[in-house]
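Student: Input file: upload-v2.pdb. Contents: PDB, C-alpha atoms.
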ATOM      1  CA  MET A 806      -0.704   4.417   2.657  1.00  0.00           C
ATOM      2  CA  ARG A 807      -4.092   5.672   1.550  1.00  0.00           C
ATOM      3  CA  ILE A 808      -6.741   5.171   4.229  1.00  0.00           C
ATOM      4  CA  ALA A 809     -10.532   5.319   3.956  1.00  0.00           C
ATOM      5  CA  VAL A 810     -12.701   5.519   7.066  1.00  0.00           C
ATOM      6  CA  VAL A 811     -16.281   4.391   6.491  1.00  0.00           C
ATOM      7  CA  GLY A 812     -18.307   6.143   9.182  1.00  0.00           C
ATOM      8  CA  GLY A 813     -17.431   9.554  10.582  1.00  0.00           C
ATOM      9  CA  GLY A 814     -19.188   9.321  13.954  1.00  0.00           C
ATOM     10  CA  VAL A 815     -17.507   9.658  17.334  1.00  0.00           C
ATOM     11  CA  MET A 816     -15.140   6.699  16.958  1.00  0.00           C
ATOM     12  CA  GLY A 817     -14.498   7.302  13.264  1.00  0.00           C
ATOM     13  CA  GLY A 818     -13.650  10.932  13.983  1.00  0.00           C
ATOM     14  CA  THR A 819     -11.453   9.882  16.904  1.00  0.00           C
ATOM     15  CA  LEU A 820      -9.436   7.525  14.719  1.00  0.00           C
ATOM     16  CA  VAL A 821      -9.036  10.153  12.023  1.00  0.00           C
ATOM     17  CA  GLU A 822      -7.691  12.636  14.581  1.00  0.00           C
ATOM     18  CA  ALA A 823      -5.319  10.011  15.996  1.00  0.00           C
ATOM     19  CA  MET A 824      -4.009   9.102  12.555  1.00  0.00           C
ATOM     20  CA  ALA A 825      -3.522  12.770  11.692  1.00  0.00           C
ATOM     21  CA  ARG A 826      -1.450  13.224  14.855  1.00  0.00           C
ATOM     22  CA  ALA A 827       0.627  10.213  13.813  1.00  0.00           C
ATOM     23  CA  GLY A 828       1.370  11.804  10.436  1.00  0.00           C
ATOM     24  CA  HIS A 829      -1.076   9.987   8.139  1.00  0.00           C
ATOM     25  CA  ASP A 830      -2.113  12.655   5.650  1.00  0.00           C
ATOM     26  CA  ASP A 831      -3.897  10.637   2.946  1.00  0.00           C
ATOM     27  CA  VAL A 832      -7.140   9.830   4.747  1.00  0.00           C
ATOM     28  CA  VAL A 833     -10.730  10.251   3.547  1.00  0.00           C
ATOM     29  CA  VAL A 834     -13.836   9.848   5.707  1.00  0.00           C
ATOM     30  CA  ILE A 835     -16.994   8.525   4.077  1.00  0.00           C
ATOM     31  CA  GLU A 836     -19.925  10.025   5.954  1.00  0.00           C
ATOM     32  CA  ARG A 837     -23.525  10.436   4.792  1.00  0.00           C
ATOM     33  CA  SER A 838     -24.467  13.294   7.137  1.00  0.00           C
ATOM     34  CA  PRO A 839     -23.730  16.709   5.555  1.00  0.00           C
ATOM     35  CA  GLU A 840     -23.538  18.315   8.993  1.00  0.00           C
ATOM     36  CA  ARG A 841     -20.986  15.797  10.216  1.00  0.00           C
ATOM     37  CA  ARG A 842     -18.950  16.122   7.016  1.00  0.00           C
ATOM     38  CA  ALA A 843     -18.845  19.873   7.538  1.00  0.00           C
ATOM     39  CA  GLU A 844     -17.554  19.383  11.091  1.00  0.00           C
ATOM     40  CA  LEU A 845     -14.828  17.026   9.907  1.00  0.00           C
ATOM     41  CA  GLU A 846     -13.831  19.351   7.093  1.00  0.00           C
ATOM     42  CA  GLN A 847     -13.597  22.276   9.504  1.00  0.00           C
ATOM     43  CA  SER A 848     -11.085  20.168  11.433  1.00  0.00           C
ATOM     44  CA  GLY A 849      -9.033  19.741   8.260  1.00  0.00           C
ATOM     45  CA  HIS A 850     -10.139  16.241   7.233  1.00  0.00           C
ATOM     46  CA  ALA A 851     -11.088  15.152   3.715  1.00  0.00           C
ATOM     47  CA  THR A 852     -14.585  13.706   3.400  1.00  0.00           C
ATOM     48  CA  ALA A 853     -16.885  12.096   0.864  1.00  0.00           C
ATOM     49  CA  ALA A 854     -20.585  11.319   0.882  1.00  0.00           C
ATOM     50  CA  GLU A 855     -20.455   8.060  -1.047  1.00  0.00           C
ATOM     51  CA  ILE A 856     -18.580   4.829  -0.475  1.00  0.00           C
ATOM     52  CA  ASP A 857     -17.087   5.085  -3.982  1.00  0.00           C
ATOM     53  CA  ALA A 858     -14.338   7.140  -2.307  1.00  0.00           C
ATOM     54  CA  VAL A 859     -12.964   3.856  -0.890  1.00  0.00           C
ATOM     55  CA  ALA A 860     -11.532   3.079  -4.344  1.00  0.00           C
ATOM     56  CA  GLY A 861      -7.750   3.191  -4.255  1.00  0.00           C
ATOM     57  CA  ALA A 862      -7.452   2.856  -0.490  1.00  0.00           C
ATOM     58  CA  ASP A 863      -4.866   0.440   0.896  1.00  0.00           C
ATOM     59  CA  THR A 864      -6.618   0.244   4.269  1.00  0.00           C
ATOM     60  CA  VAL A 865     -10.339   0.627   4.969  1.00  0.00           C
ATOM     61  CA  LEU A 866     -11.585   1.199   8.514  1.00  0.00           C
ATOM     62  CA  LEU A 867     -15.194   0.062   8.809  1.00  0.00           C
ATOM     63  CA  VAL A 868     -16.537   2.129  11.715  1.00  0.00           C
ATOM     64  CA  VAL A 869     -20.283   1.566  11.537  1.00  0.00           C
ATOM     65  CA  LYS A 870     -22.884   0.124  13.887  1.00  0.00           C
ATOM     66  CA  PRO A 871     -23.139  -3.686  13.851  1.00  0.00           C
ATOM     67  CA  GLN A 872     -26.675  -3.538  12.521  1.00  0.00           C
ATOM     68  CA  ASP A 873     -25.496  -1.441   9.542  1.00  0.00           C
ATOM     69  CA  VAL A 874     -22.739  -3.810   8.415  1.00  0.00           C
ATOM     70  CA  ALA A 875     -25.004  -5.964   6.236  1.00  0.00           C
ATOM     71  CA  THR A 876     -26.137  -2.857   4.364  1.00  0.00           C
ATOM     72  CA  VAL A 877     -22.640  -1.451   3.861  1.00  0.00           C
ATOM     73  CA  LEU A 878     -20.825  -4.616   2.778  1.00  0.00           C
ATOM     74  CA  PRO A 879     -22.351  -5.045  -0.723  1.00  0.00           C
ATOM     75  CA  ALA A 880     -21.478  -1.457  -1.620  1.00  0.00           C
ATOM     76  CA  LEU A 881     -18.000  -1.852  -0.141  1.00  0.00           C
ATOM     77  CA  ALA A 882     -17.422  -5.075  -2.071  1.00  0.00           C
ATOM     78  CA  ALA A 883     -18.037  -3.231  -5.341  1.00  0.00           C
ATOM     79  CA  VAL A 884     -15.273  -0.671  -4.801  1.00  0.00           C
ATOM     80  CA  VAL A 885     -12.678  -2.073  -2.380  1.00  0.00           C
ATOM     81  CA  GLU A 886      -9.273  -2.843  -3.867  1.00  0.00           C
ATOM     82  CA  PRO A 887      -8.491  -6.592  -4.131  1.00  0.00           C
ATOM     83  CA  ASP A 888      -5.253  -6.171  -2.154  1.00  0.00           C
ATOM     84  CA  ALA A 889      -6.748  -3.908   0.527  1.00  0.00           C
ATOM     85  CA  THR A 890      -6.976  -4.541   4.262  1.00  0.00           C
ATOM     86  CA  VAL A 891     -10.395  -3.983   5.818  1.00  0.00           C
ATOM     87  CA  VAL A 892     -10.404  -3.314   9.558  1.00  0.00           C
ATOM     88  CA  SER A 893     -13.839  -3.756  11.103  1.00  0.00           C
ATOM     89  CA  LEU A 894     -14.645  -2.002  14.383  1.00  0.00           C
ATOM     90  CA  ALA A 895     -18.253  -3.238  14.428  1.00  0.00           C
ATOM     91  CA  ALA A 896     -18.913  -4.973  17.747  1.00  0.00           C
ATOM     92  CA  GLY A 897     -19.711  -8.651  17.512  1.00  0.00           C
ATOM     93  CA  VAL A 898     -19.388  -8.998  13.737  1.00  0.00           C
ATOM     94  CA  ARG A 899     -17.139 -11.925  12.821  1.00  0.00           C
ATOM     95  CA  THR A 900     -14.349 -11.677  10.259  1.00  0.00           C
ATOM     96  CA  ALA A 901     -15.863 -14.671   8.434  1.00  0.00           C
ATOM     97  CA  THR A 902     -19.069 -12.695   7.872  1.00  0.00           C
ATOM     98  CA  ILE A 903     -17.139  -9.820   6.306  1.00  0.00           C
ATOM     99  CA  GLU A 904     -14.822 -12.095   4.308  1.00  0.00           C
ATOM    100  CA  ALA A 905     -17.815 -13.852   2.777  1.00  0.00           C
ATOM    101  CA  ALA A 906     -19.150 -10.539   1.462  1.00  0.00           C
ATOM    102  CA  LEU A 907     -15.886  -9.152   0.057  1.00  0.00           C
ATOM    103  CA  PRO A 908     -13.590 -10.253  -2.792  1.00  0.00           C
ATOM    104  CA  GLY A 909     -11.571 -13.317  -1.846  1.00  0.00           C
ATOM    105  CA  THR A 910      -8.196 -11.588  -1.648  1.00  0.00           C
ATOM    106  CA  VAL A 911      -9.207  -8.797   0.736  1.00  0.00           C
ATOM    107  CA  ALA A 912      -7.615  -9.196   4.180  1.00  0.00           C
ATOM    108  CA  VAL A 913     -10.043  -8.645   7.065  1.00  0.00           C
ATOM    109  CA  VAL A 914      -9.015  -7.672  10.585  1.00  0.00           C
ATOM    110  CA  ARG A 915     -11.415  -7.251  13.490  1.00  0.00           C
ATOM    111  CA  ALA A 916     -10.732  -4.618  16.140  1.00  0.00           C
ATOM    112  CA  MET A 917     -12.533  -3.542  19.299  1.00  0.00           C
ATOM    113  CA  PRO A 918     -11.721  -0.002  20.484  1.00  0.00           C
ATOM    114  CA  ASN A 919     -12.856   1.972  23.487  1.00  0.00           C
ATOM    115  CA  THR A 920     -13.653   5.636  24.021  1.00  0.00           C
ATOM    116  CA  PRO A 921     -10.405   6.742  25.751  1.00  0.00           C
ATOM    117  CA  ALA A 922      -8.954   6.613  22.233  1.00  0.00           C
ATOM    118  CA  VAL A 923     -10.408  10.146  22.047  1.00  0.00           C
ATOM    119  CA  ILE A 924      -7.455  11.298  24.168  1.00  0.00           C
ATOM    120  CA  GLY A 925      -4.943   8.824  22.740  1.00  0.00           C
ATOM    121  CA  ARG A 926      -5.308   6.479  25.726  1.00  0.00           C
ATOM    122  CA  GLY A 927      -7.552   3.887  24.125  1.00  0.00           C
ATOM    123  CA  MET A 928      -7.391   0.107  24.181  1.00  0.00           C
ATOM    124  CA  PHE A 929      -7.758  -1.965  21.025  1.00  0.00           C
ATOM    125  CA  GLY A 930      -8.166  -5.727  20.857  1.00  0.00           C
ATOM    126  CA  VAL A 931      -7.237  -6.945  17.366  1.00  0.00           C
ATOM    127  CA  SER A 932      -7.830 -10.286  15.637  1.00  0.00           C
ATOM    128  CA  ALA A 933      -6.769 -11.455  12.198  1.00  0.00           C
ATOM    129  CA  GLY A 934      -9.176 -13.074   9.780  1.00  0.00           C
ATOM    130  CA  SER A 935      -8.360 -16.188   7.776  1.00  0.00           C
ATOM    131  CA  ARG A 936      -6.448 -14.424   4.995  1.00  0.00           C
ATOM    132  CA  VAL A 937      -4.319 -11.836   6.821  1.00  0.00           C
ATOM    133  CA  PRO A 938      -0.542 -12.177   6.386  1.00  0.00           C
ATOM    134  CA  ALA A 939       1.661 -11.235   9.346  1.00  0.00           C
ATOM    135  CA  ASP A 940       2.912  -8.018   7.771  1.00  0.00           C
ATOM    136  CA  ARG A 941      -0.655  -6.772   7.209  1.00  0.00           C
ATOM    137  CA  LEU A 942      -1.568  -7.477  10.832  1.00  0.00           C
ATOM    138  CA  ASP A 943       1.553  -5.642  11.997  1.00  0.00           C
ATOM    139  CA  ALA A 944       0.568  -2.660   9.856  1.00  0.00           C
ATOM    140  CA  VAL A 945      -2.911  -2.565  11.425  1.00  0.00           C
ATOM    141  CA  VAL A 946      -1.436  -2.749  14.928  1.00  0.00           C
ATOM    142  CA  ALA A 947       0.905   0.148  14.126  1.00  0.00           C
ATOM    143  CA  LEU A 948      -1.969   2.166  12.652  1.00  0.00           C
ATOM    144  CA  LEU A 949      -4.292   1.713  15.638  1.00  0.00           C
ATOM    145  CA  ALA A 950      -1.468   2.366  18.110  1.00  0.00           C
ATOM    146  CA  ALA A 951      -1.935   6.041  17.228  1.00  0.00           C
ATOM    147  CA  GLY A 952      -5.030   5.886  19.450  1.00  0.00           C
ATOM    148  CA  GLY A 953      -3.616   3.908  22.381  1.00  0.00           C
ATOM    149  CA  GLU A 954      -2.506   0.397  23.310  1.00  0.00           C
ATOM    150  CA  VAL A 955      -3.111  -2.620  21.074  1.00  0.00           C
ATOM    151  CA  VAL A 956      -3.235  -6.322  21.948  1.00  0.00           C
ATOM    152  CA  VAL A 957      -3.594  -9.159  19.437  1.00  0.00           C
ATOM    153  CA  VAL A 958      -5.990 -11.913  20.504  1.00  0.00           C
ATOM    154  CA  ASP A 959      -7.588 -14.921  18.901  1.00  0.00           C
ATOM    155  CA  GLU A 960     -10.962 -13.982  17.493  1.00  0.00           C
ATOM    156  CA  SER A 961     -12.654 -16.456  19.824  1.00  0.00           C
ATOM    157  CA  HIS A 962     -11.774 -14.028  22.631  1.00  0.00           C
ATOM    158  CA  GLN A 963     -13.197 -10.907  20.993  1.00  0.00           C
ATOM    159  CA  ASP A 964     -16.479 -11.049  22.897  1.00  0.00           C
ATOM    160  CA  ALA A 965     -14.460 -10.963  26.125  1.00  0.00           C
ATOM    161  CA  VAL A 966     -12.398  -8.047  24.819  1.00  0.00           C
ATOM    162  CA  THR A 967     -15.623  -6.225  24.009  1.00  0.00           C
ATOM    163  CA  ALA A 968     -16.976  -6.825  27.511  1.00  0.00           C
ATOM    164  CA  VAL A 969     -13.793  -5.978  29.422  1.00  0.00           C
ATOM    165  CA  SER A 970     -12.267  -3.036  27.545  1.00  0.00           C
ATOM    166  CA  GLY A 971     -14.830  -2.025  24.930  1.00  0.00           C
ATOM    167  CA  SER A 972     -17.568  -1.527  27.519  1.00  0.00           C
ATOM    168  CA  GLY A 973     -15.114  -1.069  30.390  1.00  0.00           C
ATOM    169  CA  PRO A 974     -15.001   2.742  30.451  1.00  0.00           C
ATOM    170  CA  ALA A 975     -18.721   2.770  31.264  1.00  0.00           C
ATOM    171  CA  TYR A 976     -18.056   0.588  34.307  1.00  0.00           C
ATOM    172  CA  LEU A 977     -15.552   3.115  35.617  1.00  0.00           C
ATOM    173  CA  PHE A 978     -17.883   6.034  34.906  1.00  0.00           C
ATOM    174  CA  HIS A 979     -20.662   4.165  36.721  1.00  0.00           C
ATOM    175  CA  LEU A 980     -18.375   3.764  39.738  1.00  0.00           C
ATOM    176  CA  ALA A 981     -17.511   7.464  39.570  1.00  0.00           C
ATOM    177  CA  GLU A 982     -21.210   8.389  39.516  1.00  0.00           C
ATOM    178  CA  HIS A 983     -21.845   6.563  42.759  1.00  0.00           C
ATOM    179  CA  MET A 984     -18.664   7.722  44.499  1.00  0.00           C
ATOM    180  CA  ILE A 985     -19.576  11.330  43.718  1.00  0.00           C
ATOM    181  CA  ALA A 986     -23.184  10.790  44.830  1.00  0.00           C
ATOM    182  CA  ALA A 987     -22.033   9.212  48.109  1.00  0.00           C
ATOM    183  CA  GLY A 988     -19.695  12.137  48.747  1.00  0.00           C
ATOM    184  CA  VAL A 989     -22.495  14.637  48.154  1.00  0.00           C
ATOM    185  CA  GLU A 990     -24.806  12.652  50.444  1.00  0.00           C
ATOM    186  CA  ALA A 991     -22.107  12.911  53.117  1.00  0.00           C
ATOM    187  CA  GLY A 992     -22.110  16.696  52.815  1.00  0.00           C
ATOM    188  CA  LEU A 993     -19.391  17.422  50.269  1.00  0.00           C
ATOM    189  CA  ASP A 994     -19.856  20.154  47.694  1.00  0.00           C
ATOM    190  CA  PRO A 995     -20.590  18.472  44.297  1.00  0.00           C
ATOM    191  CA  GLU A 996     -17.507  20.029  42.699  1.00  0.00           C
ATOM    192  CA  ALA A 997     -15.298  18.860  45.545  1.00  0.00           C
ATOM    193  CA  ALA A 998     -16.842  15.382  45.409  1.00  0.00           C
ATOM    194  CA  ARG A 999     -16.134  15.202  41.672  1.00  0.00           C
ATOM    195  CA  THR A1000     -12.532  16.370  42.065  1.00  0.00           C
ATOM    196  CA  LEU A1001     -11.866  13.917  44.880  1.00  0.00           C
ATOM    197  CA  THR A1002     -13.389  11.052  42.894  1.00  0.00           C
ATOM    198  CA  VAL A1003     -11.812  11.779  39.521  1.00  0.00           C
ATOM    199  CA  GLN A1004      -8.302  12.318  40.834  1.00  0.00           C
ATOM    200  CA  THR A1005      -8.559   9.214  43.003  1.00  0.00           C
ATOM    201  CA  LEU A1006      -9.551   7.114  39.991  1.00  0.00           C
ATOM    202  CA  VAL A1007      -6.904   8.647  37.712  1.00  0.00           C
ATOM    203  CA  GLY A1008      -4.134   8.350  40.297  1.00  0.00           C
ATOM    204  CA  SER A1009      -5.104   4.790  41.209  1.00  0.00           C
ATOM    205  CA  ALA A1010      -5.194   3.744  37.551  1.00  0.00           C
ATOM    206  CA  GLU A1011      -1.738   5.204  36.957  1.00  0.00           C
ATOM    207  CA  LEU A1012      -0.439   3.500  40.102  1.00  0.00           C
ATOM    208  CA  LEU A1013      -1.827   0.171  38.900  1.00  0.00           C
ATOM    209  CA  ALA A1014      -0.449   0.672  35.387  1.00  0.00           C
ATOM    210  CA  GLY A1015       3.027   1.414  36.714  1.00  0.00           C
ATOM    211  CA  SER A1016       3.153  -1.410  39.247  1.00  0.00           C
ATOM    212  CA  ASP A1017       4.210  -5.023  38.848  1.00  0.00           C
ATOM    213  CA  ASP A1018       1.925  -5.970  41.733  1.00  0.00           C
ATOM    214  CA  ALA A1019      -1.507  -7.501  41.240  1.00  0.00           C
ATOM    215  CA  PRO A1020      -4.588  -5.361  41.958  1.00  0.00           C
ATOM    216  CA  GLU A1021      -5.310  -7.583  44.953  1.00  0.00           C
ATOM    217  CA  GLU A1022      -1.956  -6.687  46.500  1.00  0.00           C
ATOM    218  CA  LEU A1023      -2.403  -2.973  45.901  1.00  0.00           C
ATOM    219  CA  ARG A1024      -5.855  -3.183  47.460  1.00  0.00           C
ATOM    220  CA  ARG A1025      -4.460  -5.049  50.466  1.00  0.00           C
ATOM    221  CA  ARG A1026      -1.943  -2.273  51.127  1.00  0.00           C
ATOM    222  CA  VAL A1027      -4.744   0.278  51.405  1.00  0.00           C
ATOM    223  CA  THR A1028      -6.913  -1.958  53.577  1.00  0.00           C
ATOM    224  CA  SER A1029      -5.868  -1.760  57.240  1.00  0.00           C
ATOM    225  CA  PRO A1030      -7.532  -4.353  59.502  1.00  0.00           C
ATOM    226  CA  ASN A1031     -10.778  -2.957  60.906  1.00  0.00           C
ATOM    227  CA  GLY A1032     -10.103   0.409  59.246  1.00  0.00           C
ATOM    228  CA  THR A1033     -12.297   2.546  57.025  1.00  0.00           C
ATOM    229  CA  THR A1034     -11.310   0.797  53.800  1.00  0.00           C
ATOM    230  CA  HIS A1035     -11.927  -2.584  55.394  1.00  0.00           C
ATOM    231  CA  ALA A1036     -15.417  -1.416  56.352  1.00  0.00           C
ATOM    232  CA  ALA A1037     -16.102  -0.321  52.750  1.00  0.00           C
ATOM    233  CA  ILE A1038     -14.761  -3.514  51.164  1.00  0.00           C
ATOM    234  CA  THR A1039     -16.768  -5.606  53.617  1.00  0.00           C
ATOM    235  CA  ALA A1040     -19.925  -3.694  52.657  1.00  0.00           C
ATOM    236  CA  PHE A1041     -19.122  -4.182  48.964  1.00  0.00           C
ATOM    237  CA  ASP A1042     -18.806  -7.927  49.535  1.00  0.00           C
ATOM    238  CA  GLU A1043     -22.038  -8.054  51.527  1.00  0.00           C
ATOM    239  CA  HIS A1044     -23.866  -6.284  48.697  1.00  0.00           C
ATOM    240  CA  GLY A1045     -22.333  -8.511  46.033  1.00  0.00           C
ATOM    241  CA  VAL A1046     -20.478  -5.741  44.227  1.00  0.00           C
ATOM    242  CA  GLY A1047     -17.679  -8.018  42.982  1.00  0.00           C
ATOM    243  CA  GLU A1048     -20.047 -10.678  41.702  1.00  0.00           C
ATOM    244  CA  GLY A1049     -22.206  -7.947  40.184  1.00  0.00           C
ATOM    245  CA  ILE A1050     -19.250  -6.703  38.148  1.00  0.00           C
ATOM    246  CA  ARG A1051     -18.435 -10.214  36.953  1.00  0.00           C
ATOM    247  CA  ALA A1052     -22.089 -10.797  36.091  1.00  0.00           C
ATOM    248  CA  GLY A1053     -22.112  -7.541  34.126  1.00  0.00           C
ATOM    249  CA  VAL A1054     -19.059  -8.580  32.127  1.00  0.00           C
ATOM    250  CA  ARG A1055     -20.643 -11.962  31.423  1.00  0.00           C
ATOM    251  CA  ALA A1056     -23.824 -10.214  30.237  1.00  0.00           C
ATOM    252  CA  ALA A1057     -21.764  -7.998  27.902  1.00  0.00           C
ATOM    253  CA  ILE A1058     -19.992 -11.075  26.519  1.00  0.00           C
ATOM    254  CA  ALA A1059     -23.341 -12.739  25.823  1.00  0.00           C
ATOM    255  CA  ARG A1060     -24.690  -9.619  24.115  1.00  0.00           C
ATOM    256  CA  SER A1061     -21.572  -9.313  21.962  1.00  0.00           C
ATOM    257  CA  ALA A1062     -22.054 -12.904  20.850  1.00  0.00           C
ATOM    258  CA  GLU A1063     -25.704 -12.158  19.991  1.00  0.00           C
ATOM    259  CA  LEU A1064     -24.684  -9.160  17.878  1.00  0.00           C
ATOM    260  CA  GLY A1065     -22.391 -11.425  15.894  1.00  0.00           C
TER
END
Please re-express this file's structure in structure tokens.
Tutor:
Amino acid sequence: MRIAVVGGGVMGGTLVEAMARAGHDDVVVIERSPERRAELEQSGHATAAEIDAVAGADTVLLVVKPQDVATVLPALAAVVEPDATVVSLAAGVRTATIEAALPGTVAVVRAMPNTPAVIGRGMFGVSAGSRVPADRLDAVVALLAAGGEVVVVDESHQDAVTAVSGSGPAYLFHLAEHMIAAGVEAGLDPEAARTLTVQTLVGSAELLAGSDDAPEELRRRVTSPNGTTHAAITAFDEHGVGEGIRAGVRAAIARSAELG
């Protein structure tokens, strides 16, 4: 399989690294920035400055900002192979939009990644466009699995995927910020507060991932009646933390829809 990655930024570079670890050795990154190309080449990756390098690729990963898609698509349409699969990682952009701009036999898949893919622990939500056969979708799932877990969803759910997992790491980092700040306010050394917070979040996430129990049940086991955790959860409820999180996810869903 020959793979072309259009866009060598953080996510594009992450996917290239993940594919290299998985044994894909015929990959070219199309990146306009000479400085970024030099960085990628120093890491052992083939690069090109122009989108013409897409020619001959079986799979094209479109890893550009949503607002740049309209500019890239005409150039891509001129060089993409008619039997290629194009995987778009541009938030909010519908497969129908991309299909309309590309030759009628090109299969288009939409994928939403998140930043933990940098360490191979990412989450990808994948949706097939109108002309993607099952074997092509399976190949995309296998390709992206090099960067983490993959779930296949109907495209109508992609805005929710974007809001829950695409933006989700920022929610956790936001929580970490405030846990660390609260620890420091209580007198902890900043380094100690960070260690306590990070390991608590990592350990709790692994516990949740390895358990068949719902988050509510795991939370209940930590929450003794009238204990310290109960006091914290009660304060969260009084301040509307839970509803705030849900409102934030709804806002992200709405913004994803606007971008599309």
Student: So how far away is CA of Asp863 in chain A from CA of Arg841 in chain A, in Å?
Tutor: 24.1 Å
Student: Show me, as a PDB file with C-alpha atoms, in the frame of the given file, the residues that have an atom within 10 Å of Gly973 in chain A when counting all atoms listed in the file, minus same-chain residues fewer than 3 positions from it.
Tutor:
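Full text of result-v9.pdb as output:
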ATOM      1  CA  ASN A 919     -12.856   1.972  23.487  1.00  0.00           C
ATOM      2  CA  THR A 920     -13.653   5.636  24.021  1.00  0.00           C
ATOM      3  CA  MET A 928      -7.391   0.107  24.181  1.00  0.00           C
ATOM      4  CA  VAL A 966     -12.398  -8.047  24.819  1.00  0.00           C
ATOM      5  CA  THR A 967     -15.623  -6.225  24.009  1.00  0.00           C
ATOM      6  CA  ALA A 968     -16.976  -6.825  27.511  1.00  0.00           C
ATOM      7  CA  VAL A 969     -13.793  -5.978  29.422  1.00  0.00           C
ATOM      8  CA  SER A 970     -12.267  -3.036  27.545  1.00  0.00           C
ATOM      9  CA  TYR A 976     -18.056   0.588  34.307  1.00  0.00           C
ATOM     10  CA  LEU A 977     -15.552   3.115  35.617  1.00  0.00           C
ATOM     11  CA  PHE A 978     -17.883   6.034  34.906  1.00  0.00           C
ATOM     12  CA  HIS A 979     -20.662   4.165  36.721  1.00  0.00           C
ATOM     13  CA  VAL A1054     -19.059  -8.580  32.127  1.00  0.00           C
ATOM     14  CA  ALA A1057     -21.764  -7.998  27.902  1.00  0.00           C
TER      15      ALA A1057
END
Student: Please indicate the distance in Å from CA of Glu822 in chain A to CA of Val898 in chain A, rounded to one decimal place.
Tutor: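 Computing it gives 24.6 Å between the two atoms.
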Student: Which residues, written as a tab-separated table (two decimals) with C-alpha atoms, keeping the file's coordinate frame, have at least one atom at most 7 Å from range 943-957 of chain A, with all atoms listed in the file counted and residues fewer than 6 positions away on the same chain left out?
Tutor:
chain	number	residue	atom	x	y	z
A	820	LEU	CA	-9.44	7.52	14.72
A	823	ALA	CA	-5.32	10.01	16.00
A	824	MET	CA	-4.01	9.10	12.56
A	827	ALA	CA	0.63	10.21	13.81
A	922	ALA	CA	-8.95	6.61	22.23
A	925	GLY	CA	-4.94	8.82	22.74
A	926	ARG	CA	-5.31	6.48	25.73
A	927	GLY	CA	-7.55	3.89	24.12
A	928	MET	CA	-7.39	0.11	24.18
A	929	PHE	CA	-7.76	-1.96	21.02
A	930	GLY	CA	-8.17	-5.73	20.86
A	931	VAL	CA	-7.24	-6.94	17.37
A	932	SER	CA	-7.83	-10.29	15.64
Student: List every protein, DNA or RNA residue that has at least one atom no more than 7 Å from (-19.3, 5.1, 9.7) in the file's coordinates, counting all atoms listed in the file, and write the result as a VMD selection string.
Tutor: chain A and resid 811 to 814 817 835 to 836 867 to 869
